[in-house]
$ cat target03.pdb   # PDB, C-alpha atoms and all ligand atoms
ATOM      1  CA  MET C   8     265.063  49.049 -23.337
ATOM      2  CA  VAL C   9     268.030  51.403 -23.143
ATOM      3  CA  LEU C  10     266.671  53.513 -26.043
ATOM      4  CA  LEU C  11     263.936  54.933 -23.855
ATOM      5  CA  LYS C  12     266.451  56.882 -21.810
ATOM      6  CA  LEU C  13     267.730  58.695 -24.873
ATOM      7  CA  LYS C  14     266.921  62.196 -25.988
ATOM      8  CA  THR C  15     265.693  63.082 -29.460
ATOM      9  CA  TRP C  16     265.835  66.385 -31.301
ATOM     10  CA  PHE C  17     262.451  67.264 -32.794
ATOM     11  CA  ASN C  18     261.746  70.521 -34.661
ATOM     12  CA  GLY C  19     264.330  72.395 -32.634
ATOM     13  CA  GLU C  20     263.571  70.952 -29.230
ATOM     14  CA  ILE C  21     265.217  68.225 -27.221
ATOM     15  CA  ILE C  22     262.600  65.748 -26.030
ATOM     16  CA  GLU C  23     262.482  62.214 -24.644
ATOM     17  CA  TYR C  24     262.816  59.478 -27.268
ATOM     18  CA  GLU C  25     259.438  58.015 -26.311
ATOM     19  CA  ASP C  26     257.714  61.383 -26.734
ATOM     20  CA  ALA C  27     258.777  61.803 -30.378
ATOM     21  CA  LYS C  28     255.428  60.877 -31.923
ATOM     22  CA  VAL C  29     253.414  61.839 -35.005
ATOM     23  CA  HIS C  30     249.882  61.379 -36.317
ATOM     24  CA  ILE C  31     248.890  58.466 -38.605
ATOM     25  CA  SER C  32     247.903  60.911 -41.362
ATOM     26  CA  VAL C  33     251.535  62.014 -41.777
ATOM     27  CA  HIS C  34     252.089  62.475 -45.506
ATOM     28  CA  ALA C  35     255.483  60.713 -45.478
ATOM     29  CA  LEU C  36     253.932  57.587 -43.979
ATOM     30  CA  HIS C  37     251.533  57.327 -46.920
ATOM     31  CA  TYR C  38     253.682  58.532 -49.799
ATOM     32  CA  GLY C  39     257.309  58.058 -48.744
ATOM     33  CA  THR C  40     257.943  61.803 -48.722
ATOM     34  CA  GLY C  41     260.702  61.848 -46.180
ATOM     35  CA  CYS C  42     264.425  62.120 -46.578
ATOM     36  CA  ILE C  43     266.929  60.595 -44.254
ATOM     37  CA  GLU C  44     270.583  60.529 -43.369
ATOM     38  CA  GLY C  45     272.671  57.981 -41.565
ATOM     39  CA  ILE C  46     275.703  59.300 -39.696
ATOM     40  CA  HIS C  47     278.215  57.427 -37.535
ATOM     41  CA  SER C  48     279.921  58.669 -34.398
ATOM     42  CA  TYR C  49     282.965  56.948 -32.952
ATOM     43  CA  LYS C  50     284.921  56.857 -29.749
ATOM     44  CA  THR C  51     288.290  58.432 -30.506
ATOM     45  CA  GLU C  52     291.385  59.264 -28.449
ATOM     46  CA  LYS C  53     290.213  62.902 -28.346
ATOM     47  CA  GLY C  54     286.598  62.246 -27.352
ATOM     48  CA  ILE C  55     283.609  61.518 -29.549
ATOM     49  CA  GLY C  56     284.144  62.103 -33.272
ATOM     50  CA  ILE C  57     281.438  62.313 -35.956
ATOM     51  CA  PHE C  58     282.525  61.075 -39.364
ATOM     52  CA  ARG C  59     281.977  63.435 -42.319
ATOM     53  CA  LEU C  60     279.107  65.255 -40.648
ATOM     54  CA  LYS C  61     279.243  68.161 -43.096
ATOM     55  CA  GLU C  62     278.886  65.905 -46.156
ATOM     56  CA  HIS C  63     275.915  64.094 -44.618
ATOM     57  CA  VAL C  64     274.163  67.361 -43.820
ATOM     58  CA  GLU C  65     274.854  68.613 -47.363
ATOM     59  CA  ARG C  66     273.204  65.479 -48.764
ATOM     60  CA  PHE C  67     270.298  65.868 -46.336
ATOM     61  CA  PHE C  68     269.554  69.328 -47.715
ATOM     62  CA  LYS C  69     269.923  68.117 -51.287
ATOM     63  CA  SER C  70     267.365  65.343 -50.606
ATOM     64  CA  ALA C  71     264.949  67.790 -48.952
ATOM     65  CA  PHE C  72     265.285  70.120 -51.921
ATOM     66  CA  ALA C  73     264.468  67.229 -54.293
ATOM     67  CA  LEU C  74     261.183  66.779 -52.405
ATOM     68  CA  GLY C  75     260.400  70.490 -52.641
ATOM     69  CA  MET C  76     260.761  70.984 -48.900
ATOM     70  CA  LYS C  77     261.512  74.273 -47.227
ATOM     71  CA  LEU C  78     263.372  73.569 -44.027
ATOM     72  CA  ASP C  79     263.038  75.838 -41.000
ATOM     73  CA  PHE C  80     266.668  75.213 -40.028
ATOM     74  CA  SER C  81     269.982  76.016 -41.702
ATOM     75  CA  LYS C  82     272.753  73.503 -42.376
ATOM     76  CA  ASP C  83     274.769  74.992 -39.504
ATOM     77  CA  GLU C  84     271.812  74.615 -37.148
ATOM     78  CA  ILE C  85     271.424  70.943 -38.093
ATOM     79  CA  ILE C  86     275.163  70.350 -37.629
ATOM     80  CA  LYS C  87     274.940  71.939 -34.181
ATOM     81  CA  ALA C  88     271.799  69.943 -33.350
ATOM     82  CA  VAL C  89     273.527  66.653 -34.247
ATOM     83  CA  LYS C  90     276.524  67.516 -32.079
ATOM     84  CA  ASP C  91     274.329  68.665 -29.168
ATOM     85  CA  LEU C  92     272.332  65.440 -29.309
ATOM     86  CA  VAL C  93     275.375  63.190 -29.441
ATOM     87  CA  ARG C  94     276.901  65.058 -26.503
ATOM     88  CA  LEU C  95     273.663  64.849 -24.530
ATOM     89  CA  ASN C  96     273.119  61.136 -25.168
ATOM     90  CA  LYS C  97     276.755  60.409 -24.274
ATOM     91  CA  LEU C  98     276.902  57.701 -26.927
ATOM     92  CA  GLU C  99     280.403  57.136 -28.227
ATOM     93  CA  ASP C 100     279.726  54.670 -31.011
ATOM     94  CA  SER C 101     276.366  55.685 -32.348
ATOM     95  CA  TYR C 102     274.170  55.889 -35.401
ATOM     96  CA  ILE C 103     272.537  59.234 -35.998
ATOM     97  CA  ARG C 104     269.433  59.510 -38.133
ATOM     98  CA  PRO C 105     268.239  62.932 -39.262
ATOM     99  CA  ILE C 106     264.855  62.765 -40.990
ATOM    100  CA  ALA C 107     262.806  65.485 -42.654
ATOM    101  CA  PHE C 108     259.254  64.590 -43.576
ATOM    102  CA  TYR C 109     255.966  66.060 -44.675
ATOM    103  CA  GLY C 110     253.690  65.946 -41.656
ATOM    104  CA  GLN C 111     250.014  65.679 -40.836
ATOM    105  CA  SER C 112     247.920  65.761 -44.001
ATOM    106  CA  ASP C 113     244.423  65.482 -45.456
ATOM    107  CA  LEU C 114     245.708  62.485 -47.493
ATOM    108  CA  GLU C 115     246.031  64.456 -50.736
ATOM    109  CA  VAL C 116     249.016  63.250 -52.757
ATOM    110  CA  TYR C 117     250.466  66.676 -53.460
ATOM    111  CA  PRO C 118     251.912  68.010 -50.184
ATOM    112  CA  LYS C 119     250.466  71.517 -50.363
ATOM    113  CA  ASN C 120     250.782  73.610 -47.195
ATOM    114  CA  ILE C 121     252.004  70.661 -45.196
ATOM    115  CA  LYS C 122     254.433  71.237 -42.378
ATOM    116  CA  VAL C 123     257.890  69.800 -42.849
ATOM    117  CA  ASN C 124     259.119  68.215 -39.638
ATOM    118  CA  ILE C 125     262.729  67.502 -38.838
ATOM    119  CA  ALA C 126     263.856  65.012 -36.250
ATOM    120  CA  ILE C 127     267.239  63.677 -35.257
ATOM    121  CA  ILE C 128     267.434  60.305 -33.556
ATOM    122  CA  SER C 129     270.624  58.850 -32.090
ATOM    123  CA  VAL C 130     270.974  55.227 -31.033
ATOM    124  CA  PRO C 131     273.923  53.076 -29.956
ATOM    125  CA  SER C 132     275.677  51.271 -32.795
ATOM    126  CA  GLU C 133     276.821  47.819 -31.935
ATOM    127  CA  LYS C 134     280.044  46.529 -33.375
ATOM    128  CA  LYS C 135     279.099  43.644 -35.614
ATOM    129  CA  GLU C 136     281.317  40.649 -36.175
ATOM    130  CA  ILE C 137     283.242  40.810 -39.432
ATOM    131  CA  LYS C 138     282.170  38.078 -41.794
ATOM    132  CA  GLY C 139     281.925  37.643 -45.524
ATOM    133  CA  ILE C 140     278.388  37.750 -46.914
ATOM    134  CA  LYS C 141     276.598  35.950 -49.727
ATOM    135  CA  VAL C 142     274.579  38.173 -52.031
ATOM    136  CA  LYS C 143     271.804  37.407 -54.479
ATOM    137  CA  THR C 144     271.238  39.367 -57.673
ATOM    138  CA  SER C 145     267.720  40.718 -57.431
ATOM    139  CA  LYS C 146     265.031  40.420 -60.047
ATOM    140  CA  PHE C 147     264.177  44.008 -59.139
ATOM    141  CA  SER C 148     266.378  46.608 -60.791
ATOM    142  CA  ARG C 149     267.550  49.692 -58.944
ATOM    143  CA  ILE C 150     265.528  52.813 -59.634
ATOM    144  CA  ASN C 151     265.990  54.131 -63.160
ATOM    145  CA  PRO C 152     268.192  57.289 -63.087
ATOM    146  CA  GLU C 153     265.500  59.269 -64.904
ATOM    147  CA  ALA C 154     263.103  58.473 -62.036
ATOM    148  CA  LEU C 155     265.228  59.903 -59.234
ATOM    149  CA  VAL C 156     267.392  62.836 -58.289
ATOM    150  CA  TYR C 157     270.957  61.549 -58.219
ATOM    151  CA  GLY C 158     272.344  61.780 -54.709
ATOM    152  CA  ALA C 159     268.998  62.174 -52.916
ATOM    153  CA  LYS C 160     268.309  59.779 -50.054
ATOM    154  CA  ILE C 161     264.535  59.616 -50.077
ATOM    155  CA  SER C 162     262.471  57.354 -47.808
ATOM    156  CA  GLY C 163     260.154  56.095 -50.574
ATOM    157  CA  PHE C 164     263.099  54.739 -52.578
ATOM    158  CA  TYR C 165     263.679  52.157 -49.865
ATOM    159  CA  ALA C 166     260.584  50.189 -50.893
ATOM    160  CA  ASN C 167     262.703  49.055 -53.858
ATOM    161  CA  SER C 168     265.571  48.070 -51.526
ATOM    162  CA  ILE C 169     263.276  46.248 -49.142
ATOM    163  CA  MET C 170     261.645  44.142 -51.864
ATOM    164  CA  ALA C 171     265.118  43.079 -53.021
ATOM    165  CA  MET C 172     266.238  42.341 -49.442
ATOM    166  CA  HIS C 173     263.148  40.250 -48.831
ATOM    167  CA  GLU C 174     263.735  38.263 -52.016
ATOM    168  CA  ALA C 175     267.405  37.594 -51.112
ATOM    169  CA  ARG C 176     266.620  36.498 -47.568
ATOM    170  CA  GLN C 177     263.798  34.227 -48.707
ATOM    171  CA  GLN C 178     266.350  32.453 -50.881
ATOM    172  CA  GLY C 179     268.809  32.014 -48.021
ATOM    173  CA  TYR C 180     271.246  34.807 -48.925
ATOM    174  CA  ASP C 181     272.542  37.458 -46.532
ATOM    175  CA  GLU C 182     271.884  40.398 -48.783
ATOM    176  CA  ALA C 183     270.596  41.530 -52.186
ATOM    177  CA  LEU C 184     272.532  42.986 -55.087
ATOM    178  CA  LEU C 185     270.726  45.337 -57.455
ATOM    179  CA  LEU C 186     271.547  45.940 -61.097
ATOM    180  CA  ASP C 187     270.578  49.154 -62.832
ATOM    181  CA  ASN C 188     268.042  49.406 -65.650
ATOM    182  CA  LYS C 189     270.828  48.659 -68.179
ATOM    183  CA  GLY C 190     271.703  45.448 -66.357
ATOM    184  CA  LYS C 191     274.989  46.789 -64.940
ATOM    185  CA  VAL C 192     275.998  46.332 -61.319
ATOM    186  CA  ALA C 193     274.520  49.176 -59.242
ATOM    187  CA  GLU C 194     274.617  48.668 -55.476
ATOM    188  CA  GLY C 195     273.244  46.863 -52.459
ATOM    189  CA  PRO C 196     269.911  47.847 -50.878
ATOM    190  CA  ALA C 197     271.710  50.358 -48.635
ATOM    191  CA  GLN C 198     275.360  49.918 -49.611
ATOM    192  CA  ASN C 199     277.670  50.782 -52.460
ATOM    193  CA  ILE C 200     279.802  48.076 -54.010
ATOM    194  CA  PHE C 201     283.510  47.822 -54.824
ATOM    195  CA  ILE C 202     285.468  45.105 -56.571
ATOM    196  CA  ILE C 203     289.175  44.390 -56.634
ATOM    197  CA  LYS C 204     290.701  43.028 -59.840
ATOM    198  CA  ASN C 205     294.455  42.708 -60.417
ATOM    199  CA  ASN C 206     295.126  45.028 -57.484
ATOM    200  CA  LYS C 207     292.897  47.767 -58.902
ATOM    201  CA  ILE C 208     289.868  49.069 -57.034
ATOM    202  CA  LEU C 209     286.730  49.448 -59.154
ATOM    203  CA  THR C 210     283.292  50.801 -58.337
ATOM    204  CA  PRO C 211     280.206  51.386 -60.510
ATOM    205  CA  ASN C 212     279.611  54.836 -61.953
ATOM    206  CA  SER C 213     275.931  53.981 -62.521
ATOM    207  CA  LYS C 214     273.598  56.921 -61.986
ATOM    208  CA  SER C 215     271.150  54.567 -60.265
ATOM    209  CA  ILE C 216     273.254  54.453 -57.119
ATOM    210  CA  LEU C 217     273.234  56.638 -54.070
ATOM    211  CA  PRO C 218     276.776  58.039 -54.171
ATOM    212  CA  GLY C 219     277.689  57.172 -50.614
ATOM    213  CA  VAL C 220     279.877  59.108 -48.254
ATOM    214  CA  THR C 221     281.690  55.869 -47.409
ATOM    215  CA  ARG C 222     282.142  55.221 -51.146
ATOM    216  CA  ASP C 223     283.759  58.626 -51.527
ATOM    217  CA  SER C 224     285.944  57.998 -48.463
ATOM    218  CA  MET C 225     286.974  54.602 -49.823
ATOM    219  CA  ILE C 226     287.970  56.105 -53.186
ATOM    220  CA  GLU C 227     290.220  58.618 -51.403
ATOM    221  CA  ILE C 228     291.657  56.079 -48.968
ATOM    222  CA  GLY C 229     292.332  53.609 -51.802
ATOM    223  CA  LYS C 230     294.250  56.271 -53.730
ATOM    224  CA  GLU C 231     296.169  57.260 -50.610
ATOM    225  CA  LEU C 232     297.226  53.621 -50.174
ATOM    226  CA  GLY C 233     298.611  53.707 -53.718
ATOM    227  CA  PHE C 234     295.857  51.806 -55.538
ATOM    228  CA  GLU C 235     294.436  52.796 -58.858
ATOM    229  CA  VAL C 236     290.730  53.506 -58.264
ATOM    230  CA  ILE C 237     288.389  53.431 -61.249
ATOM    231  CA  GLU C 238     284.710  54.405 -61.457
ATOM    232  CA  LYS C 239     283.135  52.649 -64.430
ATOM    233  CA  GLU C 240     280.295  50.469 -65.702
ATOM    234  CA  ILE C 241     280.613  47.034 -64.137
ATOM    235  CA  GLU C 242     279.080  43.898 -65.621
ATOM    236  CA  LEU C 243     277.700  41.197 -63.350
ATOM    237  CA  GLU C 244     280.226  38.765 -64.887
ATOM    238  CA  GLU C 245     283.046  41.152 -63.983
ATOM    239  CA  LEU C 246     281.887  41.122 -60.379
ATOM    240  CA  LYS C 247     281.729  37.331 -60.348
ATOM    241  CA  GLU C 248     285.252  37.126 -61.770
ATOM    242  CA  ALA C 249     286.657  39.698 -59.345
ATOM    243  CA  ASP C 250     289.456  38.807 -56.909
ATOM    244  CA  GLU C 251     287.588  40.491 -54.051
ATOM    245  CA  ALA C 252     284.393  42.458 -53.515
ATOM    246  CA  PHE C 253     282.819  44.404 -50.685
ATOM    247  CA  TYR C 254     279.912  46.636 -49.778
ATOM    248  CA  THR C 255     280.322  50.030 -48.103
ATOM    249  CA  GLY C 256     277.912  52.047 -45.986
ATOM    250  CA  THR C 257     277.959  54.404 -43.042
ATOM    251  CA  LEU C 258     276.716  51.961 -40.442
ATOM    252  CA  SER C 259     278.059  48.697 -41.840
ATOM    253  CA  GLU C 260     281.343  50.353 -42.990
ATOM    254  CA  ILE C 261     283.041  47.685 -45.134
ATOM    255  CA  VAL C 262     281.354  44.308 -45.600
ATOM    256  CA  PRO C 263     283.271  41.662 -47.571
ATOM    257  CA  ILE C 264     281.274  39.783 -50.210
ATOM    258  CA  ILE C 265     282.376  36.173 -50.583
ATOM    259  CA  LYS C 266     279.685  34.842 -52.900
ATOM    260  CA  VAL C 267     277.444  36.290 -55.623
ATOM    261  CA  ASP C 268     274.564  33.988 -56.582
ATOM    262  CA  ASP C 269     276.283  30.589 -57.048
ATOM    263  CA  THR C 270     279.766  31.976 -57.616
ATOM    264  CA  ALA C 271     282.452  32.311 -54.954
ATOM    265  CA  ILE C 272     284.400  35.576 -55.154
ATOM    266  CA  GLY C 273     288.159  34.941 -55.316
ATOM    267  CA  ASP C 274     288.901  32.031 -53.000
ATOM    268  CA  GLY C 275     285.619  32.600 -51.136
ATOM    269  CA  ARG C 276     287.296  34.290 -48.184
ATOM    270  CA  ILE C 277     287.868  37.890 -47.104
ATOM    271  CA  GLY C 278     290.557  39.279 -49.439
ATOM    272  CA  LYS C 279     293.888  40.914 -48.588
ATOM    273  CA  VAL C 280     293.102  44.280 -50.189
ATOM    274  CA  THR C 281     289.715  44.384 -48.459
ATOM    275  CA  GLU C 282     291.449  43.716 -45.143
ATOM    276  CA  LYS C 283     293.952  46.480 -45.794
ATOM    277  CA  LEU C 284     291.188  48.964 -46.643
ATOM    278  CA  MET C 285     289.166  47.935 -43.592
ATOM    279  CA  LYS C 286     292.139  48.523 -41.316
ATOM    280  CA  LYS C 287     292.865  51.944 -42.796
ATOM    281  CA  PHE C 288     289.209  52.950 -42.721
ATOM    282  CA  GLY C 289     289.090  52.017 -39.022
ATOM    283  CA  GLU C 290     291.987  54.406 -38.376
ATOM    284  CA  VAL C 291     290.534  57.192 -40.534
ATOM    285  CA  VAL C 292     287.147  57.273 -38.769
ATOM    286  CA  LYS C 293     288.932  57.626 -35.443
ATOM    287  CA  GLY C 294     290.894  60.620 -36.721
ATOM    288  CA  LYS C 295     294.224  58.749 -36.584
ATOM    289  CA  VAL C 296     295.237  59.499 -40.173
ATOM    290  CA  GLU C 297     296.557  63.046 -40.478
ATOM    291  CA  LYS C 298     295.555  63.507 -44.129
ATOM    292  CA  PHE C 299     291.912  62.721 -43.375
ATOM    293  CA  SER C 300     291.658  64.129 -39.854
ATOM    294  CA  GLY C 301     289.426  66.929 -41.182
ATOM    295  CA  TRP C 302     286.732  64.296 -41.808
ATOM    296  CA  VAL C 303     286.245  63.827 -38.083
ATOM    297  CA  ASP C 304     284.186  66.465 -36.280
ATOM    298  CA  ARG C 305     284.732  66.623 -32.533
ATOM    299  CA  VAL C 306     281.636  66.843 -30.374
TER     300      VAL C 306
HETATM  301  N1  LIG C 401     273.251  53.208 -51.329
HETATM  302  C1  LIG C 401     272.085  53.290 -50.655
HETATM  303  C2  LIG C 401     270.832  53.021 -51.377
HETATM  304  C3  LIG C 401     272.085  53.611 -49.290
HETATM  305  O1  LIG C 401     270.947  53.669 -48.605
HETATM  306  C4  LIG C 401     273.310  53.843 -48.632
HETATM  307  C5  LIG C 401     273.323  54.153 -47.165
HETATM  308  N2  LIG C 401     273.135  55.520 -46.942
HETATM  309  C6  LIG C 401     274.501  53.764 -49.377
HETATM  310  C7  LIG C 401     274.431  53.447 -50.730
HETATM  311  C8  LIG C 401     275.823  54.045 -48.732
HETATM  312  O2  LIG C 401     275.909  55.427 -48.454
HETATM  313  P1  LIG C 401     276.759  55.989 -47.238
HETATM  314  O3  LIG C 401     278.136  55.492 -47.429
HETATM  315  O4  LIG C 401     276.653  57.469 -47.394
HETATM  316  O5  LIG C 401     276.140  55.482 -45.988
END
$ encode --input "target03.pdb" --output "C-alpha cells" --more "lines below"
Ligand code: PMP
Amino acid sequence: MVLLKLKTWFNGEIIEYEDAKVHISVHALHYGTGCIEGIHSYKTEKGIGIFRLKEHVERFFKSAFALGMKLDFSKDEIIKAVKDLVRLNKLEDSYIRPIAFYGQSDLEVYPKNIKVNIAIISVPSEKKEIKGIKVKTSKFSRINPEALVYGAKISGFYANSIMAMHEARQQGYDEALLLDNKGKVAEGPAQNIFIIKNNKILTPNSKSILPGVTRDSMIEIGKELGFEVIEKEIELEELKEADEAFYTGTLSEIVPIIKVDDTAIGDGRIGKVTEKLMKKFGEVVKGKVEKFSGWVDRV
C-alpha cells in the first residue's frame, strides 16, 4: 500500500508511517481522551497550499486544553511540523490529521501523570465523485451542549457520530443527520449542515455542533457572493421544506443533500446555489480568490 512509504511526525520526530505505534494500554484508546484535527492540502498554481492551517491549529489547542492536556509543542511548532510533513510526503491533495492523546496508562480513568503524545499523519485525499446524498434523522441526539466544550474536537465524541452513521447505513441511507437535545437540526456525524430557502443561506446556531472551519468559510463565501447568511435554530420540517441543503466538512468539502428521511429536498437534485458555492469554494481553496487568499498557506 502506498501509505507505507509515507513519513509521519511523532512527538517531534519524523518517522516511517509503519513505525508510528503505541501500546494497547494507551489511555485514549480506552477512554477517548484524544483530540484530532482534519486539514486539507491542495495542489495550487503556486505549489501546495494548506487551507486555513492556522484556524485548525487554534482549534487543536482548544481541544487539548478542554482535555486538560499540556502540550510540549507551541502552535507555531505544530504549524511548522504540518508544513514540513506535507513537503516531505510530496502529497499535493492530502488529508492531514494531527492527534494529541494521553498515552500509556495503568488503566485508571483520571489521566494523572500520563504523557501526552502528539502525532501528525498525512495521507493522499482522493477526489470523490460529486453526488447528492440521502440522509436519515438519527434516533441518537447530538451531544448535549452542557456535556461538551463548544468547539472542541475530541475523539470520544465520535462514538455518538458512529452510532448514528451505523444506524443510517443499516437503513440504506448514505449518511446520518443528528438533532440536538432540543430536537433542532444540529449537524452530520462529521459535517455541518446548510440549507437554502428563498435564496437565503441558513445554518444552525445550535451549541451541540462542532463549529467547522468549512462552515465558517462557507458563511464568508456566501456573503461575498451577495447572499444573506443567517445562523439560527432550524427545525427538521424547515430542512425538509428547504429548496436545497448540503453538508460541509474539511475532507468532503460540500456534499449536496437530496433527501432527508422520506422527503426529497427541492426537486431532489443538486441545487443551483449549492453548485455556485461549490464552484467558488473550489477556487478559494486553491488561492484563486484574492479576498480569501490569506486562507491558503504555502508549503
Ligand atoms: N462537525 C463534526 C462533528 C465534525 O467532525 C466535523 C469535521 N471536522 C465538522 C462538523 C466539520 O468541521 P470542519 O469544516 O472544520 O472540517
$ closest_atom_pairs --input "target03.pdb" --of "chain C" --to "ligand LIG 401 (chain C)" --cutoff "9 Å" --atoms "only C-alpha atoms and all ligand atoms" --output "Markdown table"
| residue | atom | partner | partner_atom | distance |
| --- | --- | --- | --- | --- |
| C:Ile43 | CA | C:LIG401 | N2 | 8.5 |
| C:Glu44 | CA | C:LIG401 | N2 | 6.7 |
| C:Gly45 | CA | C:LIG401 | N2 | 5.9 |
| C:Ile46 | CA | C:LIG401 | O5 | 7.4 |
| C:His47 | CA | C:LIG401 | O5 | 8.9 |
| C:Glu62 | CA | C:LIG401 | O4 | 8.8 |
| C:His63 | CA | C:LIG401 | O4 | 7.2 |
| C:Arg66 | CA | C:LIG401 | O4 | 8.8 |
| C:Arg149 | CA | C:LIG401 | C2 | 8.9 |
| C:Lys160 | CA | C:LIG401 | O1 | 6.8 |
| C:Ile161 | CA | C:LIG401 | O1 | 8.9 |
| C:Phe164 | CA | C:LIG401 | C2 | 8.0 |
| C:Tyr165 | CA | C:LIG401 | C2 | 7.4 |
| C:Ser168 | CA | C:LIG401 | C2 | 7.2 |
| C:Ala193 | CA | C:LIG401 | N1 | 9.0 |
| C:Glu194 | CA | C:LIG401 | N1 | 6.3 |
| C:Gly195 | CA | C:LIG401 | N1 | 6.4 |
| C:Pro196 | CA | C:LIG401 | C2 | 5.3 |
| C:Ala197 | CA | C:LIG401 | C3 | 3.3 |
| C:Gln198 | CA | C:LIG401 | C7 | 3.8 |
| C:Asn199 | CA | C:LIG401 | C7 | 4.5 |
| C:Ile200 | CA | C:LIG401 | C7 | 8.3 |
| C:Ile216 | CA | C:LIG401 | N1 | 5.9 |
| C:Leu217 | CA | C:LIG401 | N1 | 4.4 |
| C:Pro218 | CA | C:LIG401 | C7 | 6.2 |
| C:Gly219 | CA | C:LIG401 | O2 | 3.3 |
| C:Val220 | CA | C:LIG401 | O4 | 3.7 |
| C:Thr221 | CA | C:LIG401 | O3 | 3.6 |
| C:Arg222 | CA | C:LIG401 | O3 | 5.5 |
| C:Asp223 | CA | C:LIG401 | O3 | 7.6 |
| C:Ser224 | CA | C:LIG401 | O3 | 8.3 |
| C:Tyr254 | CA | C:LIG401 | C8 | 8.5 |
| C:Thr255 | CA | C:LIG401 | O3 | 5.9 |
| C:Gly256 | CA | C:LIG401 | O3 | 3.7 |
| C:Thr257 | CA | C:LIG401 | O5 | 3.6 |
| C:Leu258 | CA | C:LIG401 | O5 | 6.6 |
| C:Ser259 | CA | C:LIG401 | O5 | 8.2 |
| C:Glu260 | CA | C:LIG401 | O3 | 7.5 |
$ residues_around --input "target03.pdb" --residues "Lys50 of chain C" --least-positions-apart "6" --cutoff "8 Å" --atoms "all atoms listed in the file" --output "number ranges by chain"
C: 56, 99-100, 293
$ resolve_selection --input "target03.pdb" --expression "the PyMOL selection byres (((chain C and resi 92) around 8) and not hetatm)" --output "list in words"
Lys14, Thr15, Trp16, Ile21, Ala88, Val89, Lys90, Asp91, Val93, Arg94, Leu95, Asn96 and Ser129 of chain C
$ residues_around --input "target03.pdb" --residues "segment 206-215 of chain C" --least-positions-apart "3" --cutoff "9 Å" --atoms "only C-alpha atoms" --output "PyMOL selection string"
chain C and resi 149-153+155+157-158+186-188+191-194+199-203+218+222+226+229+234-241+250+280
$ residues_around --input "target03.pdb" --residues "Val291 of chain C" --least-positions-apart "6" --cutoff "10 Å" --atoms "only C-alpha atoms" --output "PyMOL selection string"
chain C and resi 58+224+228+285+297-303
$ atom_distance --input "target03.pdb" --atom1 "atom CA of Phe80 of chain C" --atom2 "atom CA of Val33 of chain C"
20.2 Å
$ residues_around --input "target03.pdb" --residues "segment 263-265 of chain C" --least-positions-apart "4" --cutoff "10 Å" --atoms "only C-alpha atoms" --output "ChimeraX atom specification"
/C:137-142,181-182,200-202,247,250-255,270-278,281-282,285
$ residues_around --input "target03.pdb" --residues "Pro118 of chain C" --least-positions-apart "5" --cutoff "10 Å" --atoms "all atoms listed in the file" --output "list in words"
His34, Ala35, Tyr38, Thr40, Leu74, Gly75, Met76, Tyr109, Gly110, Gln111, Ser112, Asp113 and Val123 of chain C
$ atom_distance --input "target03.pdb" --atom1 "atom CA of Lys119 of chain C" --atom2 "atom CA of Asn167 of chain C"
25.8 Å
$ closest_residue --input "target03.pdb" --among "C:Asp79, C:Ala249, C:Tyr102, C:Ile57" --to "Lys134 of chain C" --atoms "only C-alpha atoms"
C:Tyr102
$ axis_aligned_box --input "target03.pdb" --around "segment 107-121 of chain C" --padding-each-side "4 Å" --output "AutoDock Vina command-line options"
--center_x 253.6 --center_y 68.0 --center_z -47.1 --size_x 26.4 --size_y 19.1 --size_z 20.6
$ closest_residue --input "target03.pdb" --among "C:Leu13, C:Val262, C:Leu114, C:Ile55" --to "Glu25 of chain C" --atoms "all atoms listed in the file"
C:Leu13
$ atom_distance --input "target03.pdb" --atom1 "atom CA of Ile106 of chain C" --atom2 "atom CA of Gly54 of chain C"
25.7 Å
$ closest_residue --input "target03.pdb" --among "C:Met172, C:Ile127, C:Met225, C:Leu243" --to "Val292 of chain C" --atoms "all atoms listed in the file"
C:Met225
$ closest_residue --input "target03.pdb" --among "C:Asp268, C:Ile31, C:Asp26, C:Lys53" --to "Gln178 of chain C" --atoms "only C-alpha atoms"
C:Asp268
$ closest_residue --input "target03.pdb" --among "C:Arg104, C:Lys146, C:Lys279, C:Lys28" --to "Ser132 of chain C" --atoms "only C-alpha atoms"
C:Arg104
$ closest_residue --input "target03.pdb" --among "C:Glu231, C:Glu174, C:Glu23, C:Glu115" --to "Phe288 of chain C" --atoms "all atoms listed in the file"
C:Glu231
$ decode --input "target03.pdb" --residues "segment 97-103 of chain C" --atoms "N, CA, C and O atoms" --output "PDB file, in the first residue's frame"
ATOM      1  N   LYS C  97       5.380  15.006  -0.151  1.00  0.00           N
ATOM      2  CA  LYS C  97       5.131  15.425  -1.540  1.00  0.00           C
ATOM      3  C   LYS C  97       3.706  15.105  -1.994  1.00  0.00           C
ATOM      4  O   LYS C  97       3.469  14.712  -3.138  1.00  0.00           O
ATOM      5  N   LEU C  98       2.753  15.218  -1.064  1.00  0.00           N
ATOM      6  CA  LEU C  98       1.366  14.966  -1.434  1.00  0.00           C
ATOM      7  C   LEU C  98       0.717  16.308  -1.731  1.00  0.00           C
ATOM      8  O   LEU C  98       0.745  17.203  -0.899  1.00  0.00           O
ATOM      9  N   GLU C  99       0.144  16.428  -2.913  1.00  0.00           N
ATOM     10  CA  GLU C  99      -0.479  17.715  -3.251  1.00  0.00           C
ATOM     11  C   GLU C  99      -1.857  17.798  -2.624  1.00  0.00           C
ATOM     12  O   GLU C  99      -2.129  18.633  -1.779  1.00  0.00           O
ATOM     13  N   ASP C 100      -2.736  16.878  -3.029  1.00  0.00           N
ATOM     14  CA  ASP C 100      -4.057  16.829  -2.412  1.00  0.00           C
ATOM     15  C   ASP C 100      -3.981  15.820  -1.285  1.00  0.00           C
ATOM     16  O   ASP C 100      -3.846  14.624  -1.529  1.00  0.00           O
ATOM     17  N   SER C 101      -4.012  16.327  -0.054  1.00  0.00           N
ATOM     18  CA  SER C 101      -3.865  15.393   1.053  1.00  0.00           C
ATOM     19  C   SER C 101      -4.743  15.768   2.236  1.00  0.00           C
ATOM     20  O   SER C 101      -5.245  16.893   2.339  1.00  0.00           O
ATOM     21  N   TYR C 102      -4.923  14.783   3.097  1.00  0.00           N
ATOM     22  CA  TYR C 102      -5.642  14.985   4.349  1.00  0.00           C
ATOM     23  C   TYR C 102      -4.611  14.873   5.456  1.00  0.00           C
ATOM     24  O   TYR C 102      -3.819  13.918   5.482  1.00  0.00           O
ATOM     25  N   ILE C 103      -4.619  15.835   6.342  1.00  0.00           N
ATOM     26  CA  ILE C 103      -3.615  15.877   7.400  1.00  0.00           C
ATOM     27  C   ILE C 103      -4.325  15.731   8.742  1.00  0.00           C
ATOM     28  O   ILE C 103      -5.278  16.460   9.019  1.00  0.00           O
TER      29      ILE C 103
END
